[in-house]
file target.txt (compact mmCIF, C-alpha atoms)
# COMPACT_ATOMS: atom_id res chain seq x y z
CA MET A 1366 -20.81 -32.00 103.29
CA ASN A 1367 -20.90 -33.22 99.71
CA ILE A 1368 -17.69 -33.20 97.73
CA VAL A 1369 -18.04 -32.11 94.11
CA ILE A 1370 -15.13 -33.54 92.17
CA ASN A 1371 -14.19 -34.28 88.58
CA VAL A 1372 -12.80 -37.80 88.96
CA THR A 1373 -11.77 -38.15 85.33
CA GLY A 1374 -10.12 -34.75 85.39
CA VAL A 1375 -8.25 -35.57 88.60
CA LYS A 1376 -6.97 -38.83 87.12
CA SER A 1377 -5.84 -37.05 83.99
CA LYS A 1378 -4.16 -34.17 85.84
CA TYR A 1379 -2.51 -36.16 88.62
CA ALA A 1380 -1.98 -39.51 86.85
CA GLY A 1381 -0.38 -42.04 89.23
CA LYS A 1382 -0.92 -39.80 92.25
CA ALA A 1383 -4.65 -39.24 91.67
CA GLN A 1384 -5.82 -41.92 94.07
CA GLY A 1385 -4.22 -40.12 97.01
CA LEU A 1386 -6.18 -37.00 96.16
CA LEU A 1387 -9.43 -38.94 95.69
CA ASP A 1388 -8.90 -40.63 99.06
CA ALA A 1389 -8.23 -37.29 100.76
CA ALA A 1390 -11.38 -35.85 99.18
CA ALA A 1391 -13.46 -38.87 100.22
CA ALA A 1392 -12.33 -38.33 103.80
CA LEU A 1393 -14.20 -35.00 103.72
CA GLY A 1394 -17.57 -36.41 102.65
CA PRO A 1395 -19.41 -38.39 99.97
CA LEU A 1396 -18.04 -37.75 96.48
CA MET A 1397 -20.24 -36.39 93.71
CA ASP A 1398 -18.49 -37.14 90.43
CA VAL A 1399 -19.11 -34.40 87.88
CA SER A 1400 -16.76 -35.69 85.19
CA GLY A 1401 -17.67 -34.35 81.77
CA LEU A 1402 -20.38 -32.00 83.03
CA ASP A 1403 -20.62 -28.29 82.32
CA THR A 1404 -21.85 -25.74 84.87
CA ALA A 1405 -25.51 -26.45 84.03
CA GLY A 1406 -25.05 -30.20 84.46
CA ILE A 1407 -23.17 -29.78 87.74
CA HIS A 1408 -25.81 -27.33 88.95
CA GLU A 1409 -28.62 -29.84 88.30
CA LYS A 1410 -26.75 -32.53 90.20
CA ILE A 1411 -26.13 -30.28 93.20
CA ALA A 1412 -29.74 -29.10 93.17
CA ALA A 1413 -30.90 -32.72 93.55
CA LEU A 1414 -29.22 -32.92 96.98
CA PRO A 1415 -31.31 -32.37 100.12
CA PRO A 1416 -31.68 -28.58 100.53
CA VAL A 1417 -29.75 -28.20 103.78
CA GLU A 1418 -26.60 -30.03 102.69
CA SER A 1419 -23.51 -27.97 101.96
CA VAL A 1420 -21.16 -28.52 99.05
CA LEU A 1421 -17.39 -28.34 98.72
CA ILE A 1422 -15.98 -28.12 95.20
CA VAL A 1423 -12.55 -29.71 94.99
CA GLY A 1424 -10.13 -28.18 92.51
CA GLY A 1425 -9.71 -25.08 90.42
CA TYR A 1426 -11.64 -24.05 87.33
CA ASP A 1427 -9.70 -26.51 85.14
CA LEU A 1428 -11.32 -29.36 87.07
CA VAL A 1429 -14.72 -27.94 88.04
CA PRO A 1430 -15.84 -24.88 86.06
CA THR A 1431 -17.34 -21.84 87.71
CA PHE A 1432 -20.19 -19.68 86.46
CA LEU A 1433 -19.38 -16.44 84.70
CA LEU A 1434 -21.72 -13.57 85.48
CA SER A 1435 -21.84 -10.25 83.69
CA ASN A 1436 -20.54 -7.32 85.70
CA PRO A 1437 -23.43 -5.04 86.72
CA THR A 1438 -21.04 -2.11 87.27
CA LEU A 1439 -19.16 -2.60 83.99
CA ASN A 1440 -20.51 0.72 82.69
CA VAL A 1441 -18.95 2.43 85.69
CA GLU A 1442 -15.61 0.64 85.37
CA GLN A 1443 -14.88 0.77 81.66
CA ASN A 1444 -13.91 3.77 79.58
CA GLN A 1445 -14.69 2.01 76.32
CA GLU A 1446 -16.09 -1.36 75.27
CA GLY A 1447 -13.74 -4.26 76.03
CA ASP A 1448 -11.63 -2.08 78.31
CA ALA A 1449 -9.11 -4.43 79.94
CA ALA A 1450 -8.94 -2.26 83.04
CA ALA A 1451 -12.56 -3.15 83.86
CA ASP A 1452 -13.85 -6.46 85.18
CA GLN A 1453 -15.42 -7.91 82.05
CA ASP A 1454 -16.95 -10.86 83.89
CA ILE A 1455 -17.33 -12.22 87.41
CA PRO A 1456 -16.38 -15.83 88.19
CA SER A 1457 -18.82 -17.09 90.81
CA ASP A 1458 -19.64 -20.40 92.48
CA GLY A 1459 -22.64 -18.74 94.12
CA PRO A 1460 -25.16 -19.90 91.50
CA TYR A 1461 -24.39 -23.54 92.39
CA GLY A 1462 -26.12 -22.79 95.71
CA GLY A 1463 -29.36 -21.63 94.12
CA THR A 1464 -32.24 -23.27 92.31
CA PRO A 1465 -31.58 -23.68 88.57
CA GLY A 1466 -33.54 -21.04 86.69
CA ASN A 1467 -33.96 -18.77 89.72
CA THR A 1468 -32.12 -15.62 88.65
CA ALA A 1469 -32.12 -13.96 92.08
CA GLN A 1470 -30.62 -17.01 93.78
CA GLN A 1471 -27.56 -16.66 91.57
CA LEU A 1472 -26.65 -13.83 93.93
CA VAL A 1473 -28.51 -14.86 97.09
CA PRO A 1474 -28.14 -18.65 97.13
CA THR A 1475 -29.80 -20.91 99.67
CA ARG A 1476 -27.20 -23.67 99.86
CA PRO A 1477 -23.69 -23.16 101.30
CA VAL A 1478 -21.10 -23.73 98.57
CA ALA A 1479 -17.33 -23.51 99.01
CA ARG A 1480 -14.34 -24.41 96.87
CA VAL A 1481 -10.83 -25.49 97.62
CA PRO A 1482 -8.61 -24.62 94.63
CA ASP A 1483 -5.83 -27.06 93.83
CA GLY A 1484 -3.23 -25.19 91.78
CA PRO A 1485 -0.81 -26.92 89.42
CA ALA A 1486 -0.22 -30.69 89.40
CA ALA A 1487 3.30 -30.19 90.70
CA ALA A 1488 1.89 -28.74 93.92
CA LEU A 1489 -0.12 -31.88 94.79
CA ASP A 1490 1.56 -32.29 98.17
CA ASP A 1491 0.48 -28.77 99.12
CA PHE A 1492 -3.07 -29.52 98.03
CA LEU A 1493 -3.20 -32.75 100.01
CA ALA A 1494 -2.02 -30.82 103.07
CA VAL A 1495 -4.84 -28.31 102.53
CA LEU A 1496 -7.46 -31.07 102.23
CA ARG A 1497 -6.18 -32.80 105.35
CA GLY A 1498 -6.16 -29.45 107.14
CA ILE A 1499 -9.76 -28.53 106.43
CA ALA A 1500 -10.92 -32.07 107.29
CA GLY A 1501 -10.05 -31.47 110.94
CA ARG A 1502 -12.53 -29.97 113.38
CA LEU A 1503 -10.07 -27.41 114.56
CA ASN A 1504 -10.53 -24.86 117.28
CA THR A 1505 -9.99 -21.27 116.22
CA PRO A 1506 -6.82 -19.87 117.79
CA ASP A 1507 -7.08 -16.94 120.15
CA GLY A 1508 -5.94 -13.59 118.95
CA ALA A 1509 -6.67 -11.49 115.90
CA PHE A 1510 -4.96 -9.65 113.08
CA GLN A 1511 -6.24 -6.79 110.97
CA GLU A 1512 -4.51 -4.71 108.34
CA ALA A 1513 -5.90 -2.12 105.95
CA ALA A 1514 -4.78 0.43 103.42
CA GLN A 1515 -4.59 3.72 105.26
CA GLU A 1516 -7.35 5.18 103.09
CA PHE A 1517 -9.71 2.41 104.27
CA GLU A 1518 -9.21 3.00 107.99
CA GLN A 1519 -12.86 3.66 108.84
CA PRO A 1520 -14.47 0.67 107.09
CA ALA A 1521 -11.76 -1.57 108.56
CA LEU A 1522 -12.43 -0.28 112.07
CA ASP A 1523 -16.14 -0.87 111.55
CA VAL A 1524 -15.49 -4.48 110.52
CA ALA A 1525 -13.24 -4.92 113.58
CA GLN A 1526 -16.13 -3.91 115.79
CA ALA A 1527 -18.28 -6.63 114.23
CA MET A 1528 -15.43 -9.11 114.75
CA GLN A 1529 -15.31 -8.13 118.44
CA ILE A 1530 -11.56 -7.69 118.33
CA THR A 1531 -9.46 -5.05 120.02
CA VAL A 1532 -6.04 -5.63 118.45
CA PRO A 1533 -4.78 -2.39 116.85
CA LEU A 1534 -5.47 -1.90 113.17
CA ILE A 1535 -2.24 -2.07 111.17
CA GLU A 1536 -2.31 0.59 108.47
CA SER A 1537 -0.31 0.56 105.27
CA PRO A 1538 1.38 2.93 104.75
CA PRO A 1539 3.34 3.38 106.95
CA VAL A 1540 3.61 -0.38 107.52
CA THR A 1541 4.97 -2.48 104.66
CA ASP A 1542 5.92 -6.12 104.22
CA ALA A 1543 9.49 -5.10 105.05
CA ASP A 1544 8.44 -4.60 108.66
CA THR A 1545 10.16 -7.51 110.37
CA THR A 1546 7.52 -7.65 113.12
CA LEU A 1547 4.66 -8.22 110.65
CA PRO A 1548 4.96 -12.04 110.32
CA ALA A 1549 4.78 -12.47 114.09
CA LYS A 1550 1.68 -10.29 114.24
CA VAL A 1551 -0.31 -12.51 111.86
CA HIS A 1552 1.23 -15.79 113.07
CA ASP A 1553 -1.25 -18.13 114.80
CA LYS A 1554 -4.09 -15.60 114.92
CA GLY A 1555 -7.65 -16.89 114.78
CA ARG A 1556 -9.69 -13.99 113.46
CA ILE A 1557 -8.19 -12.18 110.51
CA HIS A 1558 -9.53 -9.33 108.37
CA ILE A 1559 -7.57 -7.69 105.59
CA LEU A 1560 -8.64 -4.57 103.69
CA LEU A 1561 -5.55 -3.89 101.63
CA HIS A 1562 -5.74 -3.42 97.86
CA GLY A 1563 -5.39 -6.39 95.54
CA ALA A 1564 -4.15 -6.78 91.97
CA ASN A 1565 -5.45 -8.82 89.04
CA PHE A 1566 -2.18 -9.39 87.21
CA SER A 1567 1.15 -11.08 87.77
CA PRO A 1568 3.42 -10.53 89.62
CA ASP A 1569 1.58 -7.89 91.68
CA TRP A 1570 -1.27 -10.26 92.56
CA ALA A 1571 1.11 -12.12 94.88
CA ASN A 1572 0.93 -9.13 97.21
CA LEU A 1573 -1.62 -6.99 98.99
CA TRP A 1574 -1.12 -3.28 98.70
CA GLY A 1575 -1.27 -0.34 101.01
CA HIS A 1576 -2.17 3.13 99.81
CA ALA A 1577 -3.01 6.57 101.10
CA SER A 1578 -4.23 9.54 99.11
CA GLY A 1579 -1.30 11.14 97.35
CA SER A 1580 1.18 8.45 98.40
CA PRO A 1581 2.88 5.72 96.36
CA TRP A 1582 1.63 2.15 96.44
CA VAL A 1583 3.46 -0.08 98.90
CA VAL A 1584 3.32 -3.80 99.63
CA GLY A 1585 1.38 -4.14 102.86
CA LEU A 1586 1.28 -7.93 103.09
CA SER A 1587 2.23 -10.81 100.84
CA SER A 1588 1.50 -14.41 99.92
CA GLU A 1589 5.02 -15.06 101.14
CA ILE A 1590 4.20 -13.90 104.66
CA LEU A 1591 0.80 -15.61 104.73
CA ARG A 1592 2.23 -18.87 103.35
CA HIS A 1593 4.72 -19.07 106.17
CA ALA A 1594 2.38 -17.98 108.94
CA ALA A 1595 0.90 -20.73 111.10
CA LEU A 1596 -2.83 -20.24 110.56
CA VAL A 1597 -4.07 -23.67 111.66
CA GLY A 1598 -7.77 -23.29 112.41
CA SER A 1599 -7.86 -19.59 111.47
CA VAL A 1600 -10.82 -17.85 109.87
CA VAL A 1601 -9.72 -15.27 107.29
CA ALA A 1602 -11.79 -12.60 105.57
CA PHE A 1603 -10.49 -10.37 102.80
CA SER A 1604 -12.30 -7.22 101.75
CA SER A 1605 -9.49 -6.71 99.23
CA CYS A 1606 -9.99 -6.75 95.48
CA TYR A 1607 -9.17 -10.01 93.69
CA ALA A 1608 -8.23 -11.99 96.82
CA ALA A 1609 -10.25 -14.97 95.56
CA MET A 1610 -9.20 -14.57 91.92
CA ILE A 1611 -7.88 -17.91 90.67
CA ASP A 1612 -8.40 -17.56 86.94
CA LEU A 1613 -5.22 -16.94 85.05
CA ASP A 1614 -3.64 -13.96 83.43
CA SER A 1615 -3.28 -15.80 80.13
CA ASN A 1616 -0.55 -13.47 78.92
CA ASN A 1617 1.49 -13.88 82.02
CA ALA A 1618 1.65 -16.28 84.98
CA PRO A 1619 0.58 -19.80 83.96
CA VAL A 1620 -0.49 -20.93 87.42
CA ARG A 1621 -2.09 -19.71 90.62
CA ASP A 1622 -0.80 -21.35 93.75
CA ALA A 1623 0.12 -20.53 97.32
CA THR A 1624 3.17 -18.57 96.17
CA ASN A 1625 1.13 -15.98 94.29
CA GLN A 1626 -2.51 -16.29 95.45
CA VAL A 1627 -3.27 -14.92 98.90
CA SER A 1628 -6.30 -17.08 99.75
CA MET A 1629 -4.46 -20.24 98.70
CA ALA A 1630 -1.52 -19.12 100.82
CA CYS A 1631 -3.83 -18.89 103.85
CA LEU A 1632 -5.29 -22.34 103.17
CA LEU A 1633 -1.83 -23.85 102.88
CA SER A 1634 -0.94 -22.26 106.21
CA GLY A 1635 -3.87 -24.09 107.77
CA ALA A 1636 -6.76 -21.61 107.63
CA LYS A 1637 -9.98 -23.58 107.82
CA THR A 1638 -11.99 -21.09 105.82
CA VAL A 1639 -11.35 -17.94 103.75
CA PHE A 1640 -13.89 -15.34 102.58
CA ALA A 1641 -12.81 -13.29 99.56
CA VAL A 1642 -13.91 -11.89 96.20
CA THR A 1643 -12.94 -12.81 92.65
CA ARG A 1644 -12.97 -9.29 91.23
CA SER A 1645 -12.57 -5.66 92.33
CA ASN A 1646 -14.47 -4.87 95.49
CA TRP A 1647 -16.46 -1.71 96.15
CA ILE A 1648 -15.42 -0.04 99.40
CA GLY A 1649 -17.59 2.69 100.89
CA SER A 1650 -16.72 5.17 103.59
CA THR A 1651 -18.05 2.89 106.35
CA GLY A 1652 -18.05 -0.82 107.08
CA ALA A 1653 -21.81 -1.04 106.63
CA VAL A 1654 -21.99 -1.10 102.84
CA TYR A 1655 -20.78 -3.12 99.86
CA GLY A 1656 -17.62 -5.25 100.31
CA PRO A 1657 -16.86 -4.50 103.96
CA GLY A 1658 -20.60 -4.53 104.68
CA LEU A 1659 -20.83 -8.13 103.51
CA VAL A 1660 -17.80 -9.09 105.61
CA THR A 1661 -19.35 -7.35 108.62
CA GLN A 1662 -22.45 -9.49 108.23
CA VAL A 1663 -20.32 -12.63 107.82
CA TRP A 1664 -18.48 -12.01 111.11
CA GLU A 1665 -21.73 -11.35 112.91
CA GLY A 1666 -23.04 -14.68 111.65
CA LEU A 1667 -19.89 -16.53 112.65
CA LEU A 1668 -20.02 -15.01 116.11
CA SER A 1669 -23.62 -16.14 116.50
CA GLY A 1670 -22.46 -19.72 115.90
CA LYS A 1671 -23.24 -20.16 112.21
CA THR A 1672 -21.05 -22.26 109.95
CA ALA A 1673 -18.92 -20.39 107.44
CA GLY A 1674 -21.15 -21.41 104.53
CA GLN A 1675 -24.35 -20.43 106.29
CA ALA A 1676 -22.82 -17.17 107.48
CA LEU A 1677 -21.98 -16.21 103.90
CA ILE A 1678 -25.37 -17.00 102.37
CA ASP A 1679 -27.17 -15.26 105.24
CA ALA A 1680 -24.85 -12.26 104.90
CA LYS A 1681 -25.63 -12.05 101.19
CA ARG A 1682 -29.37 -12.08 101.89
CA GLN A 1683 -29.01 -9.47 104.61
CA LEU A 1684 -26.94 -7.12 102.44
CA ALA A 1685 -29.45 -7.47 99.61
CA SER A 1686 -32.40 -6.96 101.98
CA ASP A 1687 -30.78 -3.86 103.46
CA ALA A 1688 -30.28 -2.48 99.96
CA MET A 1689 -33.95 -3.03 99.16
CA THR A 1690 -35.00 -1.34 102.38
CA SER A 1691 -32.68 1.62 102.68
CA GLY A 1692 -31.19 2.28 99.26
CA THR A 1693 -32.37 3.29 95.83
CA GLN A 1694 -32.56 1.27 92.63
CA ASP A 1695 -29.48 3.11 91.43
CA ASP A 1696 -27.41 1.59 94.26
CA LEU A 1697 -28.31 -1.99 93.40
CA PRO A 1698 -25.65 -2.69 90.74
CA TYR A 1699 -22.89 -2.14 93.32
CA VAL A 1700 -24.66 -4.50 95.74
CA TYR A 1701 -25.16 -7.09 93.01
CA LYS A 1702 -21.47 -7.08 92.10
CA THR A 1703 -20.56 -7.47 95.77
CA LEU A 1704 -22.86 -10.48 96.07
CA ALA A 1705 -21.84 -12.12 92.80
CA GLN A 1706 -18.12 -12.16 93.45
CA ALA A 1707 -18.04 -13.13 97.15
CA GLN A 1708 -16.74 -16.68 97.51
CA LEU A 1709 -15.88 -19.08 100.28
CA TYR A 1710 -12.72 -21.16 100.11
CA GLY A 1711 -12.05 -23.99 102.55
CA ASN A 1712 -14.48 -25.79 104.80
CA PRO A 1713 -18.10 -24.53 104.52
CA GLU A 1714 -18.99 -26.24 107.80
CA ALA A 1715 -16.21 -24.62 109.83
CA THR A 1716 -17.24 -22.50 112.78
CA LEU A 1717 -15.39 -19.95 114.86
CA MET B 785 -29.53 19.84 88.30
CA THR B 786 -27.73 19.95 84.98
CA ASP B 787 -25.07 17.38 84.15
CA GLU B 788 -22.42 20.02 84.71
CA GLU B 789 -23.83 20.82 88.15
CA LEU B 790 -23.77 17.13 89.07
CA LEU B 791 -20.16 16.84 87.91
CA ASN B 792 -19.14 19.94 89.82
CA LEU B 793 -20.80 18.74 93.01
CA ALA B 794 -18.88 15.46 92.75
CA ARG B 795 -15.62 17.30 92.08
CA THR B 796 -15.89 19.01 95.47
CA ARG B 797 -15.36 15.60 97.12
CA VAL B 798 -12.24 14.34 95.32
CA PRO B 799 -8.66 15.63 94.95
CA LYS B 800 -8.16 18.26 92.29
CA HIS B 801 -5.89 16.13 90.11
CA LEU B 802 -8.86 13.83 89.43
CA HIS B 803 -11.31 16.51 88.35
CA ASP B 804 -10.74 16.24 84.60
CA THR B 805 -11.42 12.49 84.62
CA ALA B 806 -15.03 12.87 85.73
CA LYS B 807 -17.53 10.64 83.91
CA LEU B 808 -21.27 10.86 84.49
CA ILE B 809 -23.29 7.63 84.83
CA LYS B 810 -27.04 7.93 84.82
CA ARG B 811 -29.60 5.29 85.56
CA GLU B 812 -30.55 4.77 81.92
CA SER B 813 -27.30 2.85 81.45
CA ARG B 814 -27.91 0.30 84.19
CA LEU B 815 -26.84 -3.30 83.56
CA THR B 816 -27.96 -6.69 84.89
CA PRO B 817 -25.79 -9.33 86.60
CA HIS B 818 -26.97 -12.12 84.30
CA LEU B 819 -25.24 -15.40 83.57
CA LEU B 820 -23.04 -14.85 80.55
CA ALA B 821 -24.34 -18.11 79.08
CA SER B 822 -27.90 -16.86 79.32
CA LYS B 823 -29.63 -16.13 76.04
CA GLU B 824 -32.17 -13.91 77.77
CA PRO B 825 -30.39 -11.69 80.27
CA GLY B 826 -33.54 -9.74 81.10
CA THR B 827 -33.69 -6.11 82.10
CA PRO B 828 -32.50 -4.29 85.22
CA LYS B 829 -36.14 -3.88 86.25
CA SER B 830 -36.95 -7.57 85.85
CA PHE B 831 -33.84 -8.55 87.78
CA ASP B 832 -34.65 -6.10 90.58
CA GLU B 833 -38.19 -7.45 90.76
CA ALA B 834 -36.95 -11.04 90.94
CA MET B 835 -34.55 -10.11 93.72
CA ALA B 836 -37.20 -8.23 95.68
CA ALA B 837 -39.60 -11.17 95.36
CA GLU B 838 -36.89 -13.61 96.50
CA LEU B 839 -36.25 -11.50 99.58
CA GLY B 840 -39.89 -10.75 100.30
CA LYS B 841 -39.24 -7.04 99.92
CA LYS B 842 -40.62 -4.18 97.91
CA LEU B 843 -38.42 -2.59 95.29
CA PRO B 844 -36.59 0.46 96.57
CA PRO B 845 -37.48 3.72 94.86
CA PRO B 846 -35.45 4.95 91.93
CA ALA B 847 -33.07 7.73 92.88
CA GLY B 848 -34.62 11.13 92.34
CA GLU B 849 -34.17 13.48 89.44
CA ASP B 850 -30.94 15.05 90.71
CA SER B 851 -29.05 11.78 90.97
CA ALA B 852 -26.10 10.21 89.20
CA ASP B 853 -22.84 8.43 89.82
CA VAL B 854 -19.73 10.40 88.92
CA VAL B 855 -16.68 8.25 88.23
CA PHE B 856 -13.13 9.55 88.61
CA HIS B 857 -10.02 7.54 87.84
CA GLU B 858 -6.27 7.60 88.10
CA GLU B 859 -3.61 5.29 86.75
CA GLY B 860 -1.01 3.90 89.09
CA ARG B 861 1.02 0.88 90.03
CA LEU B 862 -2.07 -1.33 90.17
CA GLY B 863 -3.62 0.03 86.99
CA ARG B 864 -6.73 2.18 86.86
CA ARG B 865 -8.35 2.85 90.21
CA LEU B 866 -11.75 4.42 90.54
CA THR B 867 -13.46 6.76 92.91
CA VAL B 868 -17.24 6.95 92.52
CA VAL B 869 -19.22 9.79 94.02
CA GLN B 870 -22.85 8.73 94.35
CA ILE B 871 -25.19 11.71 94.21
CA ARG B 872 -28.72 11.03 95.33
CA ASN B 873 -31.41 13.71 95.24
CA GLY B 874 -28.94 16.52 94.90
CA LYS B 875 -26.61 15.43 97.73
CA VAL B 876 -23.47 13.32 97.95
CA ALA B 877 -24.70 10.06 99.49
CA ASN B 878 -21.56 7.93 99.39
CA ILE B 879 -18.04 7.83 98.02
CA LEU B 880 -16.77 4.45 96.82
CA LYS B 881 -13.33 3.21 95.90
CA HIS B 882 -11.98 -0.03 94.56
CA GLY B 883 -10.32 -2.19 97.19
call {"tool": "encode", "arguments": {"input": "target.txt", "output": "structure tokens"}}
result
Amino acid sequence: MNIVINVTGVKSKYAGKAQGLLDAAAALGPLMDVSGLDTAGIHEKIAALPPVESVLIVGGYDLVPTFLLSNPTLNVEQNQEGDAAADQDIPSDGPYGGTPGNTAQQLVPTRPVARVPDGPAAALDDFLAVLRGIAGRLNTPDGAFQEAAQEFEQPALDVAQAMQITVPLIESPPVTDADTTLPAKVHDKGRIHILLHGANFSPDWANLWGHASGSPWVVGLSSEILRHAALVGSVVAFSSCYAAMIDLDSNNAPVRDATNQVSMACLLSGAKTVFAVTRSNWIGSTGAVYGPGLVTQVWEGLLSGKTAGQALIDAKRQLASDAMTSGTQDDLPYVYKTLAQAQLYGNPEATL
Amino acid sequence: MTDEELLNLARTRVPKHLHDTAKLIKRESRLTPHLLASKEPGTPKSFDEAMAAELGKKLPPPAGEDSADVVFHEEGRLGRRLTVVQIRNGKVANILKHG
């Protein structure tokens, strides 16, 4: 795989320790230096690679920018223009995997693209551990873990069927992060799917939330638990809102790292790849549509032997094709948002 | 169906405390998922056509006359959370929530 990295930015951010990071990145594949380039410039450089080669972006948005797409369901989500409760934009690395100028491939790319976010400079040792972890060709541990908000029981069970797992679905409520048996249940599990709610603000974004109609919100799982779980070689998929959100709440927490970002917590624990979305996910009443529908397709691809990156781009195409075949034009904005925000963190060439 | 009939149909599928928050979304207000940097974001139709061509598919039909999305919301610990009742051709086709 090709490693997209901002060498100048890395040297500036990490100063005397930058060479260690550059060496760790070079151990993953040939480096493509994108210093000083904007998204369009980076896109052109990636597009010049042979079509089948996957790409891993090293670092967060401060080092390698992401595309910002408009939200096709903004009119559904906002009560008035500029409404902060709605997703005003959608950060997406997906367009890097398409042909420049091809509008459809922004959402259904042809090249596998993943990112491994780095967090703050002070957490360099954690980031180096993540890079070393995803460099290994690790077997996926046996065993599985699944947890969902109680109100999402059915779509979660449908995804579990696609994952070919039989471990009981943990529902929240009644389960919360205070359950002392929870860490052991996720510890060292190979196939993980989480359909709890997510938050887009600090400090609540450090947790994943359970909910049932008419009940209070409870913490169902946390970065704390995931960060301390041994997930070496695990494959993790979130259908939760905001589980891949790494842009900052500028009025609040100044950094995203493994202490407050659930996907980064999984990577630090050794997960080789994490599927998640940058914004709020649409959840239907079954696992066949929208957010869980995409994850269902991803697991089916992984189980057929595809790499993580290929499984995601094929899943996006399948979800979009299904929408063209069985839906109406009025359903497409929800599908488009699902496709735009779905990201892959970790190794795009990892397999189950 | 009138707008009020669409709203009332959707209300039958959500808890009563949400009923007053109902907001009707009709297809005329559709948006595109364009790059924010793009100077020419196109139209929903042109985007749909590009997507269909990319996938080698025909465009799906527009939803029929008696179709709309009805959005309900409630405020809670995690901010505003939505429930969307999708009505297609006079029937409830799907109920969506934010994850």
call {"tool": "interface_residues", "arguments": {"input": "target.txt", "of": "chain A", "to": "chain B", "cutoff": "6 Å", "atoms": "only C-alpha atoms", "output": "PyMOL selection string"}}
result
chain A and resi 1433-1437+1469+1562+1605-1606+1646-1649+1689+1693-1694
call {"tool": "closest_residue", "arguments": {"input": "target.txt", "among": "A:Val1429, A:Leu1659, A:Ala1525, A:Leu1632", "to": "Arg1682 (chain A)", "atoms": "all atoms listed in the file"}}
result
A:Leu1659
call {"tool": "atom_distance", "arguments": {"input": "target.txt", "atom1": "CA of Ala1389 (chain A)", "atom2": "CA of Val1495 (chain A)"}}
result
9.8 Å
call {"tool": "atom_distance", "arguments": {"input": "target.txt", "atom1": "CA of Trp1574 (chain A)", "atom2": "CA of Glu1512 (chain A)"}}
result
10.3 Å
call {"tool": "residues_near_point", "arguments": {"input": "target.txt", "point": "(-4.8, -23.0, 113.6)", "cutoff": "9 Å", "atoms": "all atoms listed in the file", "output": "JSON, numbers by chain"}}
result
{"A": [1503, 1504, 1505, 1506, 1553, 1554, 1555, 1595, 1596, 1597, 1598, 1599, 1600, 1634, 1635, 1636, 1637]}
call {"tool": "atom_distance", "arguments": {"input": "target.txt", "atom1": "CA of Leu1573 (chain A)", "atom2": "CA of Lys800 (chain B)"}}
result
26.9 Å
call {"tool": "residues_near_point", "arguments": {"input": "target.txt", "point": "(-12.2, -8.7, 92.7)", "cutoff": "10 Å", "atoms": "all atoms listed in the file", "output": "list of chain:residue names"}}
result
A:Asp1452, A:Ile1455, A:Pro1456, A:His1562, A:Gly1563, A:Ala1564, A:Asn1565, A:Ser1604, A:Ser1605, A:Cys1606, A:Tyr1607, A:Ala1608, A:Ala1609, A:Met1610, A:Ala1641, A:Val1642, A:Thr1643, A:Arg1644, A:Ser1645, A:Asn1646, A:Trp1647, A:Gly1656, A:Lys1702, A:Thr1703, A:Gln1706, A:Ala1707, B:His882, B:Gly883
call {"tool": "write_last_selection", "arguments": {"input": "target.txt", "atoms": "C-alpha atoms", "output": "CSV table (one decimal), in the coordinates of the input"}}
result
chain,number,residue,atom,x,y,z
A,1452,ASP,CA,-13.8,-6.5,85.2
A,1455,ILE,CA,-17.3,-12.2,87.4
A,1456,PRO,CA,-16.4,-15.8,88.2
A,1562,HIS,CA,-5.7,-3.4,97.9
A,1563,GLY,CA,-5.4,-6.4,95.5
A,1564,ALA,CA,-4.2,-6.8,92.0
A,1565,ASN,CA,-5.4,-8.8,89.0
A,1604,SER,CA,-12.3,-7.2,101.8
A,1605,SER,CA,-9.5,-6.7,99.2
A,1606,CYS,CA,-10.0,-6.8,95.5
A,1607,TYR,CA,-9.2,-10.0,93.7
A,1608,ALA,CA,-8.2,-12.0,96.8
A,1609,ALA,CA,-10.2,-15.0,95.6
A,1610,MET,CA,-9.2,-14.6,91.9
A,1641,ALA,CA,-12.8,-13.3,99.6
A,1642,VAL,CA,-13.9,-11.9,96.2
A,1643,THR,CA,-12.9,-12.8,92.6
A,1644,ARG,CA,-13.0,-9.3,91.2
A,1645,SER,CA,-12.6,-5.7,92.3
A,1646,ASN,CA,-14.5,-4.9,95.5
A,1647,TRP,CA,-16.5,-1.7,96.2
A,1656,GLY,CA,-17.6,-5.2,100.3
A,1702,LYS,CA,-21.5,-7.1,92.1
A,1703,THR,CA,-20.6,-7.5,95.8
A,1706,GLN,CA,-18.1,-12.2,93.4
A,1707,ALA,CA,-18.0,-13.1,97.2
B,882,HIS,CA,-12.0,0.0,94.6
B,883,GLY,CA,-10.3,-2.2,97.2
call {"tool": "build_atoms", "arguments": {"input": "target.txt", "residues": "region 1634-1638 of chain A", "atoms": "N, CA and C atoms", "output": "compact mmCIF listing (two decimals), in the frame of the given file"}}
result
# COMPACT_ATOMS: atom_id res chain seq x y z
N SER A 1634 -1.42 -22.50 104.85
CA SER A 1634 -0.94 -22.26 106.21
C SER A 1634 -1.86 -22.86 107.26
N GLY A 1635 -3.00 -23.40 106.83
CA GLY A 1635 -3.87 -24.09 107.77
C GLY A 1635 -5.20 -23.42 108.04
N ALA A 1636 -5.46 -22.27 107.41
CA ALA A 1636 -6.76 -21.61 107.63
C ALA A 1636 -7.89 -22.57 107.27
N LYS A 1637 -8.91 -22.63 108.11
CA LYS A 1637 -9.98 -23.58 107.82
C LYS A 1637 -11.00 -23.01 106.85
N THR A 1638 -11.04 -21.70 106.76
CA THR A 1638 -11.99 -21.09 105.82
C THR A 1638 -11.53 -19.67 105.49
